[in-house]
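Here is the structure we will look at, set down as structure tokens.
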Amino acid sequence: MKEMIRTATCGDLQEKHLGTEVVLNGWVHRQRDHGGIKFIDLRDRYGITQVVVEPDSAAALLKTAAELRFEYCIAVKGLVRNRPKEMVNPQMPTGAIEVKVTDLVILSRSQVLPFMIEEKTPAKEDLRLKYRYLDLRSLSMQKNLFLRHQVAFAAREYLVNQGFYEIETPTFIKSTPEGARDFLVPCRLLPGKFYALPQSPQLYKQLLMVAGFDKYFQLAHCFRDEDARGDRQPEHTQIDMEMSFVSREDVFNVVEGLMRHIFKKALGRELEVPFERIAYDTAMDLYGTDKPDLRFELTLKDFNNPAAQSDFQVFKKIVEQNGAVKALVAPGCGHYSRKMIEDLEETAKTYGAKGLAWIKVTEQGLEGGVSKFFTEQSRSIIKHLSAKPGDLILLVGDTRKTACTALGAVRSKLGADLGLIKKHEFKFVWIIDFPLFEWNAEENKWDPAHHMFSMPQEQYLDSLEKDPGSVKGDLYDLVCNGVELASGSIRIHDPELQKRIFSIVGFSLEEAEIRFGFLLEAFKYGPPPHGGIAPGLDRLVMLLAREDTIREVIAFPKNTVGASPMDDCPSPVNQEQLKELHLKLIPPKED
Ligand code: ASP
């Protein structure tokens, strides 16, 4: 069999190889019979080469060729020759040549496939995941995983050249809070004790700063036990970074350089830096979200003045009670039917609005919907909103946050519905000046908006406890095309300040001591000022690959309910294992 081990790959052969004898190994991608001549597209990771079995070949060769089916793994030996003119394919690197087969061996056979390798309909997703190794043979998945490899390599290349060390932190840790539930691992040797899987290497990277490794990075697996919603995975990968003696500007410089390098290496594209910056409050005000998609320009406008001056009692009251009325002009949507407006209203309601008011703009002024309350102000409203005849004005009144968020969601829907999004663009933006705390209405307490190790901005240091809601943090997010790509912050390195934050978010000192005592202890020994960030690798590759879900860029992802149909994980364990771990199962309650 030695003579049937490949001498070239299926992506190699070109006109310069004409007349040479080669051996190729690969899979039967497609085959067709043209009047007794058999054409096989042979595929491997590198490409596809057309191989041909002529009808005058030896009987044994013809017999083996007749047995071939989709995805058989085979070896062929043959001569590289020109393709007939009408079969030349300039789109393919190997499109000028073919291999005339002189020997053919079936290395292994394939059963009838459960689905065609390139079949990607949503209905087939669980099947694709069950046979992921087949799905991964498809051209798109091969491309995506190659891209992922390029991005990871470029990230390492850039950061190492900037003087970063790649350092691994443990997978079995004491829990690190990132706002999700921990996955727990029971400890057999210490009954009743548990390891947690890291939600991120946050505390460890801060300890590496205390240890003096002033530029650290790691492609880190992060585990978060969250409800399976949207595009979440129980585990994801971050390009985790931390630096000492830096300001926010230094972190931004490194990340902008990193993104430039990755885009250049993986896509051959020049990214313009520095990236735009928008304060959190402005982002909420203009786009109704802290992850704005800037590939289209629609912005929300304030409508409090016209609302206060109108006779529309609902809106008037909202303004009186310190709420907000926000407006969005949907360009050219004046012809929208009631049903189409109701669809937009549904979106607004999903994000907490009680309703969506509307007005049509015509040559004569304002018409329909709630226009009758605004007749006197029609000219000034049209001017204020820069609306044109044929436009549709959409209005939400509520608390400022709900009004902005709900209309922001309508903005996103319109961007997609109206085809306003410039799909080929990558629009990066830093969101800065986030609030440090968020009010948790369910538990009646303040929560950290990012995590509790983030630094408040200096001007708030004296008033932290007095008005936590007004405190802005030294926190930042990197957003691209409406996707949150990274979060980070300058960290607290003063144990006293850290204790104040613990107390504001309702962590008693005893509890803080139990959970993060080791960090507070480390901070007693000359911790350097430090800060960091962690771009999500999966999301970054998803954007570069122009995919809609991170499942398309992860080799073996879980499905939308957090399970793996391929190896049937998570799965029950036997009694013996549970006993060893000192665990007893409580059967779930029946509804
Ligand atoms: N550990 C944070 C996260 O996973 C990122 C950071 O602050 O560096 O979101």
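Residue numbering restarts at 1 for every chain of the structure tokens, chains are lettered A, B, ... in their displayed order, and ligands are numbered from 1 as they appear.
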Item to complete: Residues within 6 Å of ligand 1 should be enumerated using only C-alpha atoms and all ligand atoms and returned as a list in words.
Response: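 Residues lying within 6 Å of ligand 1: Ser200, Gln202, Ser487, Gly488, Ser489, Gly532, Ile533 and Ala534 of chain A.
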Practice prompt. Could you give me, as number ranges by chain, the residues within 6 Å of segment 386-389 of chain A, counting only C-alpha atoms and dropping anything in the same chain fewer than 6 positions from it?
Written response: A: 361-363
Discussion item. Can you tell me which residues surround Thr405 of chain A at a distance of at most 8 Å, considering only C-alpha atoms, apart from same-chain residues fewer than 2 positions away, and format the answer as a PyMOL selection string?
Written reply: chain A and resi 284+288-289+351+401-403+407-409
Kindly save the residues from that selection, with all heavy atoms included, as an mmCIF file, in the first residue's frame.
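Final file, again.cif:
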```cif
data_model
loop_
_atom_site.group_PDB
_atom_site.id
_atom_site.type_symbol
_atom_site.label_atom_id
_atom_site.label_comp_id
_atom_site.auth_asym_id
_atom_site.auth_seq_id
_atom_site.Cartn_x
_atom_site.Cartn_y
_atom_site.Cartn_z
ATOM 1 N N MET A 284 -27.481 54.743 24.184
ATOM 2 C CA MET A 284 -28.872 54.412 24.529
ATOM 3 C C MET A 284 -29.820 55.449 23.913
ATOM 4 O O MET A 284 -30.866 55.101 23.376
ATOM 5 C CB MET A 284 -29.057 54.393 26.054
ATOM 6 C CG MET A 284 -28.380 53.234 26.757
ATOM 7 S SD MET A 284 -28.822 51.616 26.122
ATOM 8 C CE MET A 284 -30.524 51.481 26.630
ATOM 9 N N GLY A 288 -30.751 53.217 21.262
ATOM 10 C CA GLY A 288 -31.581 52.392 22.131
ATOM 11 C C GLY A 288 -30.912 51.107 22.554
ATOM 12 O O GLY A 288 -31.583 50.156 22.972
ATOM 13 N N THR A 289 -29.600 51.036 22.451
ATOM 14 C CA THR A 289 -28.884 49.823 22.829
ATOM 15 C C THR A 289 -27.424 50.172 23.088
ATOM 16 O O THR A 289 -26.916 51.159 22.538
ATOM 17 C CB THR A 289 -28.963 48.741 21.727
ATOM 18 O OG1 THR A 289 -28.067 47.680 22.056
ATOM 19 C CG2 THR A 289 -28.592 49.271 20.363
ATOM 20 N N TYR A 351 -39.835 44.357 24.013
ATOM 21 C CA TYR A 351 -38.805 45.036 24.800
ATOM 22 C C TYR A 351 -39.411 45.966 25.851
ATOM 23 O O TYR A 351 -38.792 46.928 26.287
ATOM 24 C CB TYR A 351 -37.835 45.784 23.878
ATOM 25 C CG TYR A 351 -36.946 44.800 23.157
ATOM 26 C CD1 TYR A 351 -37.398 44.135 22.026
ATOM 27 C CD2 TYR A 351 -35.694 44.478 23.660
ATOM 28 C CE1 TYR A 351 -36.613 43.183 21.389
ATOM 29 C CE2 TYR A 351 -34.902 43.539 23.034
ATOM 30 C CZ TYR A 351 -35.369 42.897 21.899
ATOM 31 O OH TYR A 351 -34.583 41.958 21.283
ATOM 32 N N LYS A 401 -35.278 54.386 29.869
ATOM 33 C CA LYS A 401 -34.604 53.151 29.463
ATOM 34 C C LYS A 401 -35.510 52.303 28.571
ATOM 35 O O LYS A 401 -35.102 51.842 27.509
ATOM 36 C CB LYS A 401 -34.169 52.363 30.702
ATOM 37 C CG LYS A 401 -33.315 51.195 30.355
ATOM 38 C CD LYS A 401 -32.315 50.832 31.398
ATOM 39 C CE LYS A 401 -31.372 49.807 30.802
ATOM 40 N NZ LYS A 401 -30.711 49.012 31.798
ATOM 41 N N THR A 402 -36.783 52.142 29.002
ATOM 42 C CA THR A 402 -37.695 51.297 28.209
ATOM 43 C C THR A 402 -38.006 51.947 26.862
ATOM 44 O O THR A 402 -38.019 51.269 25.827
ATOM 45 C CB THR A 402 -38.997 51.038 28.993
ATOM 46 O OG1 THR A 402 -38.645 50.453 30.236
ATOM 47 C CG2 THR A 402 -39.932 50.121 28.243
ATOM 48 N N ALA A 403 -38.254 53.268 26.874
ATOM 49 C CA ALA A 403 -38.582 53.945 25.610
ATOM 50 C C ALA A 403 -37.434 53.766 24.619
ATOM 51 O O ALA A 403 -37.638 53.428 23.442
ATOM 52 C CB ALA A 403 -38.851 55.425 25.855
ATOM 53 N N LEU A 407 -37.702 51.252 21.270
ATOM 54 C CA LEU A 407 -37.615 51.867 19.944
ATOM 55 C C LEU A 407 -36.298 51.458 19.260
ATOM 56 O O LEU A 407 -36.231 51.362 18.034
ATOM 57 C CB LEU A 407 -37.734 53.391 20.070
ATOM 58 C CG LEU A 407 -38.336 54.113 18.874
ATOM 59 C CD1 LEU A 407 -39.652 53.495 18.427
ATOM 60 C CD2 LEU A 407 -38.556 55.593 19.184
ATOM 61 N N GLY A 408 -35.280 51.190 20.079
ATOM 62 C CA GLY A 408 -34.013 50.686 19.533
ATOM 63 C C GLY A 408 -34.221 49.341 18.845
ATOM 64 O O GLY A 408 -33.643 49.064 17.792
ATOM 65 N N ALA A 409 -35.068 48.511 19.446
ATOM 66 C CA ALA A 409 -35.341 47.200 18.839
ATOM 67 C C ALA A 409 -36.088 47.384 17.520
ATOM 68 O O ALA A 409 -35.844 46.669 16.535
ATOM 69 C CB ALA A 409 -36.146 46.341 19.809
#
```
Practice prompt. Would you return as an NGL selection string the members of segment 14-195 of chain A that DSSP assigns to strand (DSSP E or B) on this structure's backbone?
Written response: :A and (21-34 or 37-44 or 47-53 or 73-82 or 97-108 or 165-166 or 173 or 181 or 184-186 or 194-195)
Emit the selected residues as a short mmCIF file (atom, residue, chain, number, x, y, z; two decimals), in the first residue's frame, including C-alpha atoms.
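Ended up saving to part-v5.cif:
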```cif
data_model
loop_
_atom_site.label_atom_id
_atom_site.label_comp_id
_atom_site.auth_asym_id
_atom_site.auth_seq_id
_atom_site.Cartn_x
_atom_site.Cartn_y
_atom_site.Cartn_z
CA GLU A 21 2.51 10.64 -12.13
CA VAL A 22 0.79 11.36 -8.81
CA VAL A 23 -1.04 9.59 -6.02
CA LEU A 24 -4.03 11.38 -4.45
CA ASN A 25 -5.97 10.35 -1.33
CA GLY A 26 -9.38 11.76 -0.51
CA TRP A 27 -13.15 11.37 -0.51
CA VAL A 28 -15.56 10.84 -3.41
CA HIS A 29 -17.24 14.23 -3.47
CA ARG A 30 -19.26 13.66 -6.62
CA GLN A 31 -19.13 11.34 -9.60
CA ARG A 32 -20.75 11.15 -12.97
CA ASP A 33 -20.65 8.86 -15.96
CA HIS A 34 -20.35 10.33 -19.47
CA ILE A 37 -16.06 7.66 -18.90
CA LYS A 38 -16.23 8.08 -15.15
CA PHE A 39 -15.47 11.52 -13.70
CA ILE A 40 -14.84 11.63 -9.98
CA ASP A 41 -14.43 14.84 -7.96
CA LEU A 42 -11.90 13.81 -5.34
CA ARG A 43 -11.91 16.02 -2.25
CA ASP A 44 -9.63 16.65 0.69
CA GLY A 47 -9.43 21.25 -2.64
CA ILE A 48 -11.01 19.13 -5.31
CA THR A 49 -9.33 17.41 -8.23
CA GLN A 50 -11.14 15.80 -11.12
CA VAL A 51 -9.98 12.23 -11.69
CA VAL A 52 -11.03 10.18 -14.69
CA VAL A 53 -11.45 6.45 -15.24
CA CYS A 73 -12.29 7.24 1.05
CA ILE A 74 -10.02 6.27 -1.83
CA ALA A 75 -6.50 6.40 -3.25
CA VAL A 76 -5.86 6.94 -6.95
CA LYS A 77 -2.68 6.81 -8.94
CA GLY A 78 -2.53 8.42 -12.37
CA LEU A 79 -1.13 10.88 -14.86
CA VAL A 80 -1.81 14.61 -14.74
CA ARG A 81 -3.19 15.76 -18.09
CA ASN A 82 -5.05 18.71 -19.59
CA ILE A 97 -6.07 19.65 -15.22
CA GLU A 98 -7.39 16.21 -14.42
CA VAL A 99 -5.79 12.93 -13.41
CA LYS A 100 -6.19 9.89 -15.64
CA VAL A 101 -6.45 7.02 -13.21
CA THR A 102 -4.17 4.00 -13.64
CA ASP A 103 -4.73 2.48 -10.20
CA LEU A 104 -7.55 2.83 -7.68
CA VAL A 105 -7.87 1.50 -4.13
CA ILE A 106 -10.87 1.85 -1.83
CA LEU A 107 -9.42 2.75 1.57
CA SER A 108 -12.80 2.64 3.31
CA TYR A 165 3.15 36.05 27.60
CA GLU A 166 0.63 33.28 26.99
CA ILE A 173 -11.11 26.86 40.27
CA ARG A 181 -24.23 30.44 37.35
CA LEU A 184 -19.66 22.71 39.44
CA VAL A 185 -17.41 19.67 39.62
CA PRO A 186 -17.79 17.53 42.73
CA PHE A 194 -16.69 21.38 44.67
CA TYR A 195 -14.53 22.94 42.04
#
```
Practice prompt. Please indicate the distance in Å from atom CA of Glu513 of chain A to atom CA of Lys499 of chain A, rounded to one decimal place.
Written response: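 Atom-to-atom, atom CA of Glu513 of chain A to atom CA of Lys499 of chain A, that is 9.7 Å.
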Response to the item:
In terms of only C-alpha atoms, the residue from A:Phe275, A:Phe146, A:Phe245, A:Phe312 at minimal distance from Val541 of chain A is A:Phe146
Practice prompt. Apply DSSP to the backbone of this structure and, from segment 311-431 of chain A, keep only the residues in alpha helix (DSSP H); write these as number ranges by chain.
Written response: A: 313-320, 338-350, 378-385, 400-417
Practice prompt. Quick one: everything within 10 Å of Ala330 of chain A, counting only C-alpha atoms, minus sequence neighbours fewer than 2 positions away in the same chain. Send it as a PyMOL selection string.
Written response: chain A and resi 298-299+327-328+332-334+336+360+387-388+390-394+410-411+414-415+418
Worksheet item: How far is it from atom CA of Lys466 of chain A to atom CA of Phe516 of chain A, in Å with one decimal?
Response: 25.1 Å
Worksheet entry | Best match for closeness to Ala154 of chain A among A:Pro456, A:Leu537, A:Glu297, A:Ile5, counting only C-alpha atoms |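 Of the candidates, the smallest distance to Ala154 of chain A is held by A:Leu537.
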Discussion item. Calculated over only C-alpha atoms, which of the candidates A:Val210, A:Arg6, A:Thr20, A:Pro234 has the smallest distance to Ala563 of chain A?
Written reply: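 For Ala563 of chain A, the nearest of the given residues is A:Pro234.
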Worksheet, complete the sentence: Pairwise distance, atom CA of Pro170 of chain A with atom CA of Leu497 of chain A, equals 27.3 Å
Worksheet item: From the list A:Gln364, A:Thr347, A:Gln218, A:Ser454, which residue is nearest Arg156 of chain A when using only C-alpha atoms?
Response: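 Using only C-alpha atoms, Arg156 of chain A sits closest to A:Gln218.
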Contacts of Gly192 of chain A at 10 Å or less, counting only C-alpha atoms, minus same-chain residues fewer than 3 places along, as a PDB file with N, CA and C atoms, in the first residue's frame?
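Dumped everything to around.pdb:
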```pdb
ATOM      1  N   PRO A 186     -17.943  18.067  41.387  1.00  0.00           N
ATOM      2  CA  PRO A 186     -17.789  17.525  42.734  1.00  0.00           C
ATOM      3  C   PRO A 186     -16.418  16.891  42.926  1.00  0.00           C
ATOM      4  N   CYS A 187     -15.888  17.029  44.127  1.00  0.00           N
ATOM      5  CA  CYS A 187     -14.537  16.552  44.387  1.00  0.00           C
ATOM      6  C   CYS A 187     -14.604  15.216  45.141  1.00  0.00           C
ATOM      7  N   ARG A 188     -14.131  14.133  44.506  1.00  0.00           N
ATOM      8  CA  ARG A 188     -14.220  12.802  45.117  1.00  0.00           C
ATOM      9  C   ARG A 188     -13.361  12.728  46.369  1.00  0.00           C
ATOM     10  N   LEU A 189     -12.185  13.357  46.290  1.00  0.00           N
ATOM     11  CA  LEU A 189     -11.233  13.197  47.387  1.00  0.00           C
ATOM     12  C   LEU A 189     -11.588  14.052  48.608  1.00  0.00           C
ATOM     13  N   LEU A 581     -18.720  10.012  44.436  1.00  0.00           N
ATOM     14  CA  LEU A 581     -18.663  11.474  44.577  1.00  0.00           C
ATOM     15  C   LEU A 581     -19.467  11.958  45.779  1.00  0.00           C
ATOM     16  N   HIS A 582     -20.028  11.013  46.509  1.00  0.00           N
ATOM     17  CA  HIS A 582     -20.826  11.339  47.700  1.00  0.00           C
ATOM     18  C   HIS A 582     -22.049  12.166  47.308  1.00  0.00           C
ATOM     19  N   LEU A 583     -22.661  11.808  46.189  1.00  0.00           N
ATOM     20  CA  LEU A 583     -23.828  12.571  45.715  1.00  0.00           C
ATOM     21  C   LEU A 583     -25.058  11.679  45.654  1.00  0.00           C
TER      22      LEU A 583
END
```
